[in-house]
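Student: What follows is entry_6.csv, CSV, C-alpha atoms.
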chain,number,residue,atom,x,y,z
V,1,MET,CA,-76.4,267.7,21.3
V,2,LYS,CA,-80.0,267.8,20.1
V,3,LYS,CA,-79.2,266.0,16.9
V,4,ILE,CA,-77.2,263.3,18.8
V,5,VAL,CA,-80.1,262.7,21.1
V,6,LEU,CA,-82.6,262.5,18.2
V,7,LEU,CA,-80.3,260.0,16.5
V,8,SER,CA,-80.0,258.0,19.7
V,9,ASN,CA,-83.8,257.9,20.0
V,10,LEU,CA,-84.1,256.7,16.4
V,11,VAL,CA,-81.5,253.9,17.0
V,12,LEU,CA,-83.3,252.9,20.2
V,13,LEU,CA,-86.7,252.9,18.4
V,14,LEU,CA,-85.3,250.6,15.6
V,15,ALA,CA,-83.8,248.3,18.3
V,16,LEU,CA,-87.1,248.3,20.2
V,17,VAL,CA,-89.1,247.4,17.0
V,18,ALA,CA,-86.6,244.6,16.2
V,19,LEU,CA,-86.9,243.2,19.7
V,20,ASP,CA,-90.7,243.5,19.6
V,21,ILE,CA,-90.9,241.5,16.4
V,22,ALA,CA,-88.4,239.0,17.7
V,23,TYR,CA,-90.5,238.5,20.9
V,24,ILE,CA,-93.7,238.1,18.8
V,25,VAL,CA,-92.0,235.3,16.8
V,26,GLU,CA,-90.0,233.6,19.6
V,27,GLY,CA,-92.0,234.6,22.7
V,28,THR,CA,-89.2,234.2,25.2
V,29,LEU,CA,-89.1,236.1,28.5
V,30,LEU,CA,-85.5,237.2,27.8
V,31,LEU,CA,-86.5,239.0,24.6
V,32,LYS,CA,-89.4,240.6,26.4
V,33,SER,CA,-87.0,241.8,29.1
V,34,PHE,CA,-84.6,243.3,26.6
V,35,ALA,CA,-87.5,245.0,24.8
V,36,SER,CA,-88.8,246.5,28.0
V,37,ALA,CA,-85.3,247.6,29.1
V,38,MET,CA,-85.0,249.4,25.7
V,39,PHE,CA,-87.9,251.8,26.4
V,40,VAL,CA,-86.5,252.6,29.9
V,41,LEU,CA,-83.2,253.4,28.1
V,42,VAL,CA,-85.1,255.8,25.9
V,43,GLY,CA,-86.4,257.6,28.9
V,44,ALA,CA,-83.0,257.6,30.6
V,45,VAL,CA,-81.3,259.1,27.5
V,46,ASN,CA,-83.9,261.8,27.2
V,47,LEU,CA,-83.7,262.5,31.0
V,48,ALA,CA,-80.0,263.1,30.5
V,49,TYR,CA,-80.9,265.6,27.7
V,50,ALA,CA,-83.4,267.3,30.0
V,51,ILE,CA,-80.7,267.7,32.7
V,52,LYS,CA,-78.3,269.1,30.0
V,53,THR,CA,-80.9,271.6,28.9
V,54,LYS,CA,-81.6,272.6,32.5
V,55,ALA,CA,-85.3,271.7,32.2
V,56,LYS,CA,-87.5,271.3,35.2
V,57,LEU,CA,-87.0,267.7,36.2
V,58,GLN,CA,-90.3,266.8,37.9
V,59,PHE,CA,-92.0,265.6,34.7
V,60,PRO,CA,-89.0,263.7,33.2
V,61,ILE,CA,-88.2,261.9,36.5
V,62,LEU,CA,-91.8,260.9,37.2
V,63,MET,CA,-92.1,259.7,33.6
V,64,LEU,CA,-88.9,257.6,33.8
V,65,VAL,CA,-90.1,256.1,37.1
V,66,GLY,CA,-93.4,255.2,35.4
V,67,LEU,CA,-91.4,253.5,32.6
V,68,VAL,CA,-89.4,251.5,35.1
V,69,PHE,CA,-92.5,250.2,36.7
V,70,ALA,CA,-93.9,249.4,33.3
V,71,MET,CA,-90.8,247.4,32.5
V,72,LEU,CA,-91.1,245.5,35.8
V,73,GLY,CA,-94.8,244.9,35.3
V,74,ASP,CA,-94.1,243.7,31.7
V,75,ILE,CA,-91.5,241.1,33.0
V,76,ILE,CA,-93.3,240.0,36.1
V,77,LEU,CA,-96.7,239.6,34.3
V,78,ASN,CA,-95.3,236.4,32.7
V,79,ILE,CA,-94.4,235.0,36.1
V,80,HIS,CA,-97.4,236.2,38.3
V,81,PHE,CA,-100.2,238.0,36.5
V,82,ILE,CA,-101.7,239.9,39.5
V,83,ALA,CA,-98.2,241.1,40.7
V,84,GLY,CA,-97.4,242.3,37.2
V,85,ALA,CA,-100.8,244.1,37.0
V,86,VAL,CA,-100.0,245.8,40.3
V,87,LEU,CA,-96.6,247.0,39.0
V,88,PHE,CA,-98.2,248.3,35.8
V,89,ALA,CA,-100.9,250.1,37.9
V,90,VAL,CA,-98.2,251.8,40.0
V,91,GLY,CA,-96.5,252.9,36.8
V,92,HIS,CA,-99.8,254.5,35.6
V,93,VAL,CA,-100.0,256.4,38.9
V,94,PHE,CA,-96.6,257.9,38.2
V,95,PHE,CA,-97.6,258.7,34.6
V,96,PHE,CA,-100.8,260.4,35.9
V,97,VAL,CA,-98.8,262.5,38.4
V,98,SER,CA,-96.2,263.4,35.7
V,99,TYR,CA,-99.0,264.7,33.5
V,100,CYS,CA,-100.1,266.8,36.4
V,101,MET,CA,-96.7,268.5,36.2
V,102,LEU,CA,-97.7,269.7,32.7
V,103,GLU,CA,-101.2,270.9,33.5
V,104,LYS,CA,-102.5,271.2,37.1
V,105,PHE,CA,-105.0,268.7,38.2
V,106,ASN,CA,-108.7,269.6,38.3
V,107,TYR,CA,-112.0,267.7,38.5
V,108,LYS,CA,-112.4,267.7,34.7
V,109,ASP,CA,-109.5,265.3,34.5
V,110,LEU,CA,-111.5,262.8,36.5
V,111,ILE,CA,-114.6,263.3,34.4
V,112,TRP,CA,-112.7,262.3,31.2
V,113,GLY,CA,-111.2,259.4,33.1
V,114,LEU,CA,-114.7,258.2,34.1
V,115,VAL,CA,-116.0,258.6,30.6
V,116,ILE,CA,-113.3,256.1,29.5
V,117,PHE,CA,-113.6,253.9,32.6
V,118,ILE,CA,-117.4,253.3,32.6
V,119,PRO,CA,-117.6,251.5,29.2
V,120,SER,CA,-114.4,249.7,30.0
V,121,MET,CA,-115.9,248.4,33.3
V,122,LEU,CA,-119.1,247.4,31.6
V,123,LEU,CA,-117.2,245.5,29.0
V,124,ILE,CA,-115.2,243.6,31.6
V,125,VAL,CA,-118.2,242.8,33.8
V,126,LEU,CA,-120.9,242.1,31.2
V,127,ALA,CA,-119.1,240.8,28.1
V,128,PRO,CA,-119.7,237.0,28.0
V,129,ILE,CA,-116.5,236.4,26.1
V,130,PHE,CA,-114.4,236.9,29.3
V,131,ASP,CA,-113.6,234.1,31.7
V,132,PHE,CA,-111.7,235.5,34.6
V,133,GLY,CA,-111.9,232.3,36.6
V,134,GLY,CA,-113.3,234.0,39.7
V,135,ALA,CA,-114.2,237.3,41.3
V,136,LEU,CA,-110.6,238.1,42.4
V,137,MET,CA,-109.2,238.4,38.9
V,138,GLU,CA,-112.3,240.2,37.6
V,139,THR,CA,-111.9,242.8,40.4
V,140,VAL,CA,-108.2,243.2,39.6
V,141,ALA,CA,-109.2,243.9,36.0
V,142,VAL,CA,-111.8,246.5,37.0
V,143,LEU,CA,-109.4,248.3,39.3
V,144,TYR,CA,-106.7,248.3,36.8
V,145,ALA,CA,-109.1,249.6,34.2
V,146,LEU,CA,-110.0,252.5,36.5
V,147,ILE,CA,-106.3,253.5,37.0
V,148,ILE,CA,-105.4,253.4,33.4
V,149,SER,CA,-108.6,255.2,32.4
V,150,LEU,CA,-107.7,258.0,34.8
V,151,MET,CA,-104.3,258.2,33.2
V,152,VAL,CA,-105.7,258.4,29.7
V,153,GLY,CA,-108.3,260.8,30.8
V,154,LYS,CA,-105.7,263.2,32.2
V,155,ALA,CA,-103.7,263.0,29.0
V,156,LEU,CA,-106.8,263.9,27.0
V,157,SER,CA,-107.7,266.7,29.4
V,158,ASN,CA,-104.2,268.1,29.0
V,159,LEU,CA,-104.5,268.2,25.3
V,160,ILE,CA,-107.8,269.9,25.4
V,161,LYS,CA,-106.3,272.6,27.6
V,162,ASN,CA,-103.1,273.0,25.7
V,163,ARG,CA,-102.8,271.6,22.1
V,164,SER,CA,-99.0,271.2,22.1
V,165,LEU,CA,-96.9,268.6,20.4
V,166,LEU,CA,-95.9,267.3,23.8
V,167,ASN,CA,-99.5,266.7,24.8
V,168,ILE,CA,-100.3,265.1,21.4
V,169,ILE,CA,-97.4,262.6,21.8
V,170,ILE,CA,-98.5,261.8,25.4
V,171,LEU,CA,-102.1,261.2,24.4
V,172,ILE,CA,-101.2,259.0,21.5
V,173,GLY,CA,-98.8,257.0,23.7
V,174,SER,CA,-101.4,256.7,26.5
V,175,VAL,CA,-104.2,255.6,24.2
V,176,MET,CA,-102.0,253.0,22.5
V,177,PHE,CA,-101.1,251.7,26.0
V,178,PHE,CA,-104.8,251.5,26.9
V,179,LEU,CA,-105.6,249.6,23.7
V,180,SER,CA,-102.7,247.3,24.2
V,181,ASP,CA,-104.0,246.4,27.6
V,182,LEU,CA,-107.5,245.8,26.2
V,183,MET,CA,-105.9,243.4,23.7
V,184,LEU,CA,-104.1,241.7,26.5
V,185,LEU,CA,-107.4,241.1,28.4
V,186,LEU,CA,-108.9,239.7,25.2
V,187,ASN,CA,-105.9,237.4,24.7
V,188,VAL,CA,-105.6,236.1,28.2
V,189,PHE,CA,-109.2,235.9,29.4
V,190,ALA,CA,-111.1,235.6,26.1
V,191,SER,CA,-108.5,233.6,24.1
V,192,LEU,CA,-109.2,235.5,20.9
V,193,PRO,CA,-106.9,235.0,18.0
V,194,VAL,CA,-104.4,237.6,16.7
V,195,VAL,CA,-105.1,240.1,19.6
V,196,GLY,CA,-101.9,239.0,21.3
V,197,ILE,CA,-99.9,240.3,18.3
V,198,ILE,CA,-101.9,243.5,18.2
V,199,CYS,CA,-101.2,244.0,21.9
V,200,LEU,CA,-97.4,243.8,21.4
V,201,ALA,CA,-97.6,245.9,18.2
V,202,LEU,CA,-99.2,248.7,20.2
V,203,TYR,CA,-97.5,248.3,23.6
V,204,TYR,CA,-93.8,248.9,22.8
V,205,PRO,CA,-94.4,251.9,20.4
V,206,ALA,CA,-96.6,253.4,23.1
V,207,GLU,CA,-93.8,253.1,25.7
V,208,PHE,CA,-91.4,254.6,23.2
V,209,LEU,CA,-93.7,257.6,22.7
V,210,LEU,CA,-93.9,258.1,26.5
V,211,GLY,CA,-90.2,257.9,26.8
V,212,PHE,CA,-89.7,260.3,23.8
V,213,SER,CA,-92.1,262.8,25.4
V,214,ILE,CA,-89.2,263.6,27.9
V,215,PHE,CA,-87.1,264.8,24.9
V,216,THR,CA,-90.0,266.9,23.6
V,217,PHE,CA,-90.5,268.4,27.0
V,218,ALA,CA,-86.8,269.3,27.3
V,219,ASN,CA,-86.6,270.6,23.8
V,220,LYS,CA,-89.6,272.8,24.4
V,221,ASN,CA,-88.0,274.1,27.6
V,222,GLN,CA,-84.8,274.9,25.7
V,223,ALA,CA,-86.7,276.8,23.0
V,224,VAL,CA,-88.4,278.9,25.7
V,225,ASP,CA,-85.1,279.7,27.5
V,226,THR,CA,-83.5,280.6,24.1
V,227,ASN,CA,-86.2,283.1,23.4
V,228,LYS,CA,-85.9,284.6,26.8
V,229,ASN,CA,-82.2,285.1,26.4
V,230,LYS,CA,-82.5,286.8,23.0
V,231,PRO,CA,-81.6,290.5,23.3
V,232,HIS,CA,-84.5,292.8,22.7
V,233,GLN,CA,-84.5,294.2,19.2
V,234,PRO,CA,-86.0,297.7,18.9
V,235,ASN,CA,-88.7,298.3,16.3
V,236,LYS,CA,-87.0,300.2,13.5
V,237,ASN,CA,-90.2,302.0,12.8
V,238,MET,CA,-90.2,303.4,16.4
V,239,LEU,CA,-86.6,304.8,16.1
V,240,PRO,CA,-86.2,308.6,15.9
V,241,GLN,CA,-85.7,309.8,12.4
Take the structure in the file and write it out as structure tokens.

Tutor:
Amino acid sequence: MKKIVLLSNLVLLLALVALDIAYIVEGTLLLKSFASAMFVLVGAVNLAYAIKTKAKLQFPILMLVGLVFAMLGDIILNIHFIAGAVLFAVGHVFFFVSYCMLEKFNYKDLIWGLVIFIPSMLLIVLAPIFDFGGALMETVAVLYALIISLMVGKALSNLIKNRSLLNIIILIGSVMFFLSDLMLLLNVFASLPVVGIICLALYYPAEFLLGFSIFTFANKNQAVDTNKNKPHQPNKNMLPQ
């Protein structure tokens, strides 16, 4: 089953990239919706694999819920920016909590989050290139920056504690998500050229990595269970002669 799930992830990744490129070219909400649904499907397929391998389901379920909110935020953002940002923020909360299922929360997680948030906040508040059109939108941007910074900070803290492939994938996905949102701010509120394309080029692969992390988690769990179930092999050197 592992090979089938890996192949499914590869097919979904190719489909996601194709839809991403199509959306960059055409820019229709329908294509964006299909692309967003694709990374939720990645999460769902990998959750099914986690269930099959009898992995603990707290992390996979929370991650999938985060992906669903990201999909909703992605779609609604084109209709109502603040509502979309709120949905994205809720998704980041679920991502943060899912990361806490891998490594227990402690104050150092917040420190790393603040290290990321403070320069982000200063950029939003002080950079003259931004035109938020009022205090409300600027406040939304700052609060959103705080939530996503805490998420990325937790991913970084997890990797520092445990340098596993799972935590590497999660950190890369989280950082790409963060950078895509920065590009989104520059595109919407600073009207800089090209950054919109960079945003999309980062965003969908980031979501795929977060969805794929469920497979990595389940596969790691299966490897641990397999090792536990192996019969003990006596050391030949310790056998009586």

Student: CA of Ser8 in chain V and CA of Asp74 in chain V, how far apart in Å?

Tutor: 23.4 Å

Student: Using only C-alpha atoms, which protein or nucleic acid residues come within 10 Å of range 34-41 of chain V? Drop anything in the same chain fewer than 2 positions from it, and give the result as a VMD selection string.

Tutor: chain V and resid 9 12 to 13 15 to 23 29 to 32 43 to 47 63 to 75 203 to 212

Student: What is the distance between CA of Val152 in chain V and CA of His92 in chain V, in Å to one decimal?

Tutor: 9.2 Å

Student: My list of candidates is V:Lys3, V:Ile148, V:Pro193, V:Lys52. Which is closest to Ala85 in chain V when distances are computed with only C-alpha atoms?

Tutor: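 Under the stated criterion, the closest residue is V:Ile148.
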
Student: Neighbouring residues of Ile168 in chain V were defined as those with any atom within 12 Å, considering all atoms listed in the file; residues of the same chain fewer than 3 positions away were excluded. Please report them as a list in words.

Tutor: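 My reading of the contact set: Val152, Ala155, Leu156, Ser157, Asn158, Leu159, Ile160, Lys161, Asn162, Arg163, Ser164, Leu165, Leu171, Ile172, Gly173, Ser174, Val175, Leu209, Leu210, Phe212, Ser213, Thr216 and Phe217 of chain V.
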
Student: Just want the 9 Å neighbourhood of Ile124 in chain V, counted on all atoms listed in the file, with same-chain residues fewer than 3 positions away dropped. Output as a VMD selection string.

Tutor: chain V and resid 119 to 121 127 to 128 130 138 141 to 142 145 185

Student: Give the answer as one residue: which of V:Ala83, V:Phe178, V:Ala190, V:Ala55 has the shortest atom-to-atom distance to Phe117 in chain V, using all atoms listed in the file?

Tutor: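 Closest candidate: V:Phe178.
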
Student: I need every residue sitting at most 12 Å from the point (-114.1, 259.5, 36.3) (coordinates as in the file, only C-alpha atoms considered), written as a list in words.

Tutor: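 I get Asn106, Tyr107, Lys108, Asp109, Leu110, Ile111, Trp112, Gly113, Leu114, Val115, Ile116, Phe117, Ile118, Pro119, Ser120, Met121, Ala145, Leu146, Ile147, Ile148, Ser149, Leu150, Met151, Val152, Gly153, Lys154 and Ser157 of chain V for the residues within 12 Å of that point.
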
Student: Determine the nearest neighbour of Leu7 in chain V from the options V:Val25, V:Val42, V:Asn221, V:Phe177, counting all atoms listed in the file.

Tutor: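 Between V:Val25, V:Val42, V:Asn221, V:Phe177, the residue approaching Leu7 in chain V most closely is V:Val42.
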
Student: For CA of Leu184 in chain V and CA of Phe59 in chain V, quote the distance in Å rounded to one decimal.

Tutor: 28.0 Å

Student: So which residues fall inside 10 Å of (-106.6, 242.7, 23.0) if we count all atoms listed in the file? Mind giving them as a ChimeraX atom specification?

Tutor: /V:178-200,202

Student: Would you please work out which residue, of V:Leu62, V:Ile82, V:Val11, V:Val5, is nearest to Met101 in chain V when using all atoms listed in the file?

Tutor: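 The answer is V:Leu62, which sits nearest to Met101 in chain V.
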
Student: From the list V:Ala201, V:Gly133, V:Cys100, V:Val86, which residue is nearest Pro60 in chain V when using all atoms listed in the file?

Tutor: V:Cys100

Student: Generate the coordinates of N, CA and C atoms for range 65-88 of chain V; report them as a tab-separated table (two decimals), in the coordinates of the input.

Tutor:
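Below you can see rebuild27.tsv, which holds the result:
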chain	number	residue	atom	x	y	z
V	65	VAL	N	-89.69	257.03	36.06
V	65	VAL	CA	-90.10	256.10	37.10
V	65	VAL	C	-91.28	255.24	36.62
V	66	GLY	N	-92.24	255.90	35.96
V	66	GLY	CA	-93.40	255.20	35.40
V	66	GLY	C	-92.93	254.13	34.38
V	67	LEU	N	-91.95	254.49	33.55
V	67	LEU	CA	-91.40	253.50	32.60
V	67	LEU	C	-90.73	252.35	33.24
V	68	VAL	N	-90.04	252.61	34.33
V	68	VAL	CA	-89.40	251.50	35.10
V	68	VAL	C	-90.41	250.56	35.62
V	69	PHE	N	-91.49	251.08	36.20
V	69	PHE	CA	-92.50	250.20	36.70
V	69	PHE	C	-93.23	249.44	35.58
V	70	ALA	N	-93.37	250.09	34.43
V	70	ALA	CA	-93.90	249.40	33.30
V	70	ALA	C	-93.05	248.24	32.85
V	71	MET	N	-91.74	248.47	32.85
V	71	MET	CA	-90.80	247.40	32.50
V	71	MET	C	-90.91	246.25	33.50
V	72	LEU	N	-90.95	246.57	34.80
V	72	LEU	CA	-91.10	245.50	35.80
V	72	LEU	C	-92.37	244.76	35.67
V	73	GLY	N	-93.46	245.51	35.44
V	73	GLY	CA	-94.80	244.90	35.30
V	73	GLY	C	-94.76	243.96	34.04
V	74	ASP	N	-94.12	244.42	32.97
V	74	ASP	CA	-94.10	243.70	31.70
V	74	ASP	C	-93.36	242.31	31.94
V	75	ILE	N	-92.30	242.34	32.72
V	75	ILE	CA	-91.50	241.10	33.00
V	75	ILE	C	-92.25	240.19	33.96
V	76	ILE	N	-92.72	240.76	35.07
V	76	ILE	CA	-93.30	240.00	36.10
V	76	ILE	C	-94.68	239.40	35.68
V	77	LEU	N	-95.35	240.06	34.74
V	77	LEU	CA	-96.70	239.60	34.30
V	77	LEU	C	-96.60	238.14	33.79
V	78	ASN	N	-95.48	237.75	33.20
V	78	ASN	CA	-95.30	236.40	32.70
V	78	ASN	C	-95.10	235.38	33.84
V	79	ILE	N	-94.70	235.90	35.00
V	79	ILE	CA	-94.40	235.00	36.10
V	79	ILE	C	-95.61	234.96	37.09
V	80	HIS	N	-96.19	236.14	37.40
V	80	HIS	CA	-97.40	236.20	38.30
V	80	HIS	C	-98.24	237.36	37.78
V	81	PHE	N	-99.40	237.02	37.20
V	81	PHE	CA	-100.20	238.00	36.50
V	81	PHE	C	-100.65	239.16	37.40
V	82	ILE	N	-101.15	238.86	38.59
V	82	ILE	CA	-101.70	239.90	39.50
V	82	ILE	C	-100.52	240.84	39.93
V	83	ALA	N	-99.36	240.26	40.27
V	83	ALA	CA	-98.20	241.10	40.70
V	83	ALA	C	-97.79	242.00	39.54
V	84	GLY	N	-97.78	241.47	38.33
V	84	GLY	CA	-97.40	242.30	37.20
V	84	GLY	C	-98.42	243.40	36.95
V	85	ALA	N	-99.72	243.09	37.12
V	85	ALA	CA	-100.80	244.10	37.00
V	85	ALA	C	-100.61	245.22	38.00
V	86	VAL	N	-100.25	244.84	39.23
V	86	VAL	CA	-100.00	245.80	40.30
V	86	VAL	C	-98.88	246.77	39.93
V	87	LEU	N	-97.78	246.20	39.42
V	87	LEU	CA	-96.60	247.00	39.00
V	87	LEU	C	-97.01	247.97	37.89
V	88	PHE	N	-97.77	247.47	36.93
V	88	PHE	CA	-98.20	248.30	35.80
V	88	PHE	C	-99.11	249.46	36.40
